[in-house]
Protein chains: 2
Amino acid sequence: MTGASAGPQSLVSSKELELWFEFGSNYSYLSVMRIEGLAARAGVRLLWRPFLLGPIFKSFGWESSPFVLQAAKGAYVWKDMERQCRKYNLEWARPTTFPRRALLPMRIALLGASQPWIGEFCRQVMLLNFVEDRDIDNVESASEILVALGLPAQEIIREAEAEPNKLRLREQTLRAADRGVFGAPTFFVQGEMFWGNDRLEDAIALAAAD
Amino acid sequence: MTGASAGPQSLVSSKELELWFEFGSNYSYLSVMRIEGLAARAGVRLLWRPFLLGPIFKSFGWESSPFVLQAAKGAYVWKDMERQCRKYNLEWARPTTFPRRALLPMRIALLGASQPWIGEFCRQVMLLNFVEDRDIDNVESASEILVALGLPAQEIIREAEAEPNKLRLREQTLRAADRGVFGAPTFFVQGEMFWGNDRLEDAIALAAAD
């Protein structure tokens, strides 16, 4: 009624939330499993931003996850994960390898970030890591998931592993660092950064209020 | 009706929550301001456990708060505090000195941990640090707060600074480390540890369900 500037298209495009995540990260698991439902209910468009946590931690001088390097925090985190999964009604098994390497599935997620299958692909990788306790950085696991989604697994894996896509993931990781990302999951809404699964609801609320 | 074992006294004593906190810690500020109201509404008895974060951090090889040592996380934390305080309807001013030394008020809090004035004393110290941006580790600030509460400030400060109470605070800090505390605030309910203001509601819920 008040003019074209408030049309449906501009409304939709401004309600956006970026999810920066990594398949090796246990708190990313909580957000990856929950975020599509929350975003859909709030009318918020989700932008998937896979990046590698390893190089970020290395830039701080850390050779692994702080949950591995700090014994007291590490001991706590697994108890916290149990309780959080119970709270959110998510399955959970503590991975026997942590953090798991996830280069191949991260590359696939980057390649498919704008595809309709991205959400389900990411959830399936997370379930493999944090419920089935299986390694995720191999062609077998990736194929299994992609085939189950009815996708051309071989083609996707070939393109994911091609040089341009590898480079793009390195660039995306540099961009994360440039934007101040220091852990995962991290959310951006209108340039504001939110760190950790505990802030997912706050980030969604800001995006929805936009 | 079913016997003396479920009498009111045993019910009360089992619904307990320990709050381990430090006046220099900004996330402790959020919990100290909120906890008495939440605990009262849930019928949970609160046990105040002041301890020193400095020696805990030193035991990890850190010379200061991780918010000082990690630049990216530090930059984020102040933005997060602004938003969290808005969410909880708390006043907030970023302290010009961080983390503030708090040895005297910590000793007073330990001395008064079971007194009826402990909650209000702790809130006033927190407001001085995180709203009024004033130093808190001095006799003037402590006296001002104690006198406003109608308490014998000089006596309390003398006893707080006496050798037995100083020793007790060091012992309490060692006990924190023994129990796996690695940051503040930390809550214990029935031997379960919860770390961070974000877990306050979960800890209260467990205590209330007891």
# chains A, B, ... in the order shown; residues from 1 in each chain; ligands from 1

$ residues_around --residues "range 48-53 of chain A" --least-positions-apart "3" --cutoff "9 Å" --atoms "only C-alpha atoms" --output "PyMOL selection string"
chain A and resi 17-25+56-58+65+102-103+106-107+109-110+113-114+118-119+169-176+182-184

$ write_last_selection --atoms "C-alpha atoms" --output "PDB file, in the first residue's frame"
ATOM      1  CA  LEU A  17      21.199 -15.871   8.277  1.00  0.00           C
ATOM      2  CA  GLU A  18      24.649 -17.237   7.487  1.00  0.00           C
ATOM      3  CA  LEU A  19      25.660 -20.475   9.192  1.00  0.00           C
ATOM      4  CA  TRP A  20      29.427 -20.984   9.337  1.00  0.00           C
ATOM      5  CA  PHE A  21      30.097 -24.572  10.365  1.00  0.00           C
ATOM      6  CA  GLU A  22      32.483 -27.506  10.220  1.00  0.00           C
ATOM      7  CA  PHE A  23      31.606 -31.215  10.280  1.00  0.00           C
ATOM      8  CA  GLY A  24      34.276 -32.003  12.875  1.00  0.00           C
ATOM      9  CA  SER A  25      32.746 -29.611  15.404  1.00  0.00           C
ATOM     10  CA  ILE A  56      41.682 -21.028  12.258  1.00  0.00           C
ATOM     11  CA  PHE A  57      42.895 -22.893  15.352  1.00  0.00           C
ATOM     12  CA  LYS A  58      46.411 -23.136  13.872  1.00  0.00           C
ATOM     13  CA  SER A  65      40.565 -28.409  19.255  1.00  0.00           C
ATOM     14  CA  ALA A 102      36.179 -33.713   7.269  1.00  0.00           C
ATOM     15  CA  LEU A 103      37.904 -32.324   4.181  1.00  0.00           C
ATOM     16  CA  MET A 106      33.342 -29.968   3.626  1.00  0.00           C
ATOM     17  CA  ARG A 107      34.278 -29.638  -0.049  1.00  0.00           C
ATOM     18  CA  ALA A 109      29.061 -28.981   1.238  1.00  0.00           C
ATOM     19  CA  LEU A 110      30.766 -25.966  -0.325  1.00  0.00           C
ATOM     20  CA  ALA A 113      25.847 -24.855  -0.556  1.00  0.00           C
ATOM     21  CA  SER A 114      23.055 -23.379  -2.695  1.00  0.00           C
ATOM     22  CA  ILE A 118      22.495 -29.098   1.277  1.00  0.00           C
ATOM     23  CA  GLY A 119      20.566 -29.300   4.559  1.00  0.00           C
ATOM     24  CA  LEU A 169      37.275 -23.813   0.452  1.00  0.00           C
ATOM     25  CA  ARG A 170      40.656 -22.370   1.393  1.00  0.00           C
ATOM     26  CA  GLU A 171      39.389 -18.928   0.385  1.00  0.00           C
ATOM     27  CA  GLN A 172      36.177 -19.383   2.345  1.00  0.00           C
ATOM     28  CA  THR A 173      38.264 -20.272   5.411  1.00  0.00           C
ATOM     29  CA  LEU A 174      40.367 -17.137   4.972  1.00  0.00           C
ATOM     30  CA  ARG A 175      37.164 -15.133   4.694  1.00  0.00           C
ATOM     31  CA  ALA A 176      35.950 -16.629   7.976  1.00  0.00           C
ATOM     32  CA  PHE A 182      37.181 -18.029  15.931  1.00  0.00           C
ATOM     33  CA  GLY A 183      35.010 -21.125  16.417  1.00  0.00           C
ATOM     34  CA  ALA A 184      32.016 -23.008  15.101  1.00  0.00           C
TER      35      ALA A 184
END

$ residues_around --residues "Leu128 in chain A" --least-positions-apart "2" --cutoff "12 Å" --atoms "only C-alpha atoms" --output "count of residues only"
31

$ residues_around --residues "range 67-75 of chain B" --least-positions-apart "4" --cutoff "8 Å" --atoms "only C-alpha atoms" --output "PyMOL selection string"
(chain A and resi 60+180-182) or (chain B and resi 62+79+98)

$ write_last_selection --atoms "N, CA and C atoms" --output "mmCIF file, in the first residue's frame"
data_model
loop_
_atom_site.group_PDB
_atom_site.id
_atom_site.type_symbol
_atom_site.label_atom_id
_atom_site.label_comp_id
_atom_site.auth_asym_id
_atom_site.auth_seq_id
_atom_site.Cartn_x
_atom_site.Cartn_y
_atom_site.Cartn_z
ATOM 1 N N PHE A 60 45.867 -19.493 15.824
ATOM 2 C CA PHE A 60 45.984 -19.120 17.244
ATOM 3 C C PHE A 60 47.138 -19.867 17.915
ATOM 4 N N GLY A 180 36.410 -12.445 11.573
ATOM 5 C CA GLY A 180 36.497 -12.567 13.028
ATOM 6 C C GLY A 180 36.006 -13.885 13.588
ATOM 7 N N VAL A 181 35.748 -14.862 12.712
ATOM 8 C CA VAL A 181 35.292 -16.173 13.180
ATOM 9 C C VAL A 181 36.440 -16.854 13.939
ATOM 10 N N PHE A 182 36.154 -17.351 15.142
ATOM 11 C CA PHE A 182 37.181 -18.029 15.931
ATOM 12 C C PHE A 182 36.720 -19.398 16.416
ATOM 13 N N TRP B 62 47.919 -19.641 31.345
ATOM 14 C CA TRP B 62 47.429 -18.358 30.829
ATOM 15 C C TRP B 62 47.728 -17.258 31.841
ATOM 16 N N LYS B 79 30.624 -7.427 22.275
ATOM 17 C CA LYS B 79 29.385 -7.336 21.499
ATOM 18 C C LYS B 79 28.330 -8.285 22.078
ATOM 19 N N PHE B 98 39.971 -4.638 32.332
ATOM 20 C CA PHE B 98 39.433 -5.997 32.326
ATOM 21 C C PHE B 98 40.559 -7.005 32.219
#

$ select_by_dssp --residues "range 29-176 of chain B" --states "strand (DSSP E)" --output "PyMOL selection string"
chain B and resi 45-50

$ residues_around --residues "Glu155 in chain B" --least-positions-apart "2" --cutoff "12 Å" --atoms "only C-alpha atoms" --output "list in words"
Ile108, Leu111, Val139, Ala142, Ser143, Leu146, Val147, Leu151, Pro152, Ala153, Ile157, Arg158, Glu159, Ala160, Glu161 and Ala162 of chain B

$ write_last_selection --atoms "C-alpha atoms" --output "CSV table (one decimal), in the first residue's frame"
chain,number,residue,atom,x,y,z
B,108,ILE,CA,34.0,-10.5,51.8
B,111,LEU,CA,33.0,-14.5,54.6
B,139,VAL,CA,38.4,-0.6,50.9
B,142,ALA,CA,33.6,-2.4,49.7
B,143,SER,CA,32.8,0.0,52.6
B,146,LEU,CA,28.5,-2.7,53.1
B,147,VAL,CA,27.4,0.6,54.7
B,151,LEU,CA,26.3,-3.6,57.8
B,152,PRO,CA,29.4,-3.0,60.1
B,153,ALA,CA,31.8,-2.4,57.2
B,157,ILE,CA,36.5,-6.0,56.1
B,158,ARG,CA,38.9,-6.7,59.0
B,159,GLU,CA,37.7,-10.3,59.3
B,160,ALA,CA,37.7,-10.7,55.5
B,161,GLU,CA,41.3,-9.6,55.4
B,162,ALA,CA,42.4,-11.7,58.3

$ atom_distance --atom1 "CA of Leu104 in chain B" --atom2 "CA of Glu163 in chain B"
12.6 Å

$ select_by_dssp --residues "chain A" --states "alpha helix (DSSP H)" --output "NGL selection string"
:A and (8-14 or 26-42 or 53-59 or 66-69 or 71-88 or 103-111 or 118-130 or 139-148 or 153-160 or 163-178 or 200-209)

$ atom_distance --atom1 "CA of Asn89 in chain A" --atom2 "CA of Phe188 in chain B"
23.0 Å

$ closest_residue --among "A:Val77, A:Leu127, A:Val44, A:Ala148" --to "chain B" --atoms "only C-alpha atoms"
A:Val77
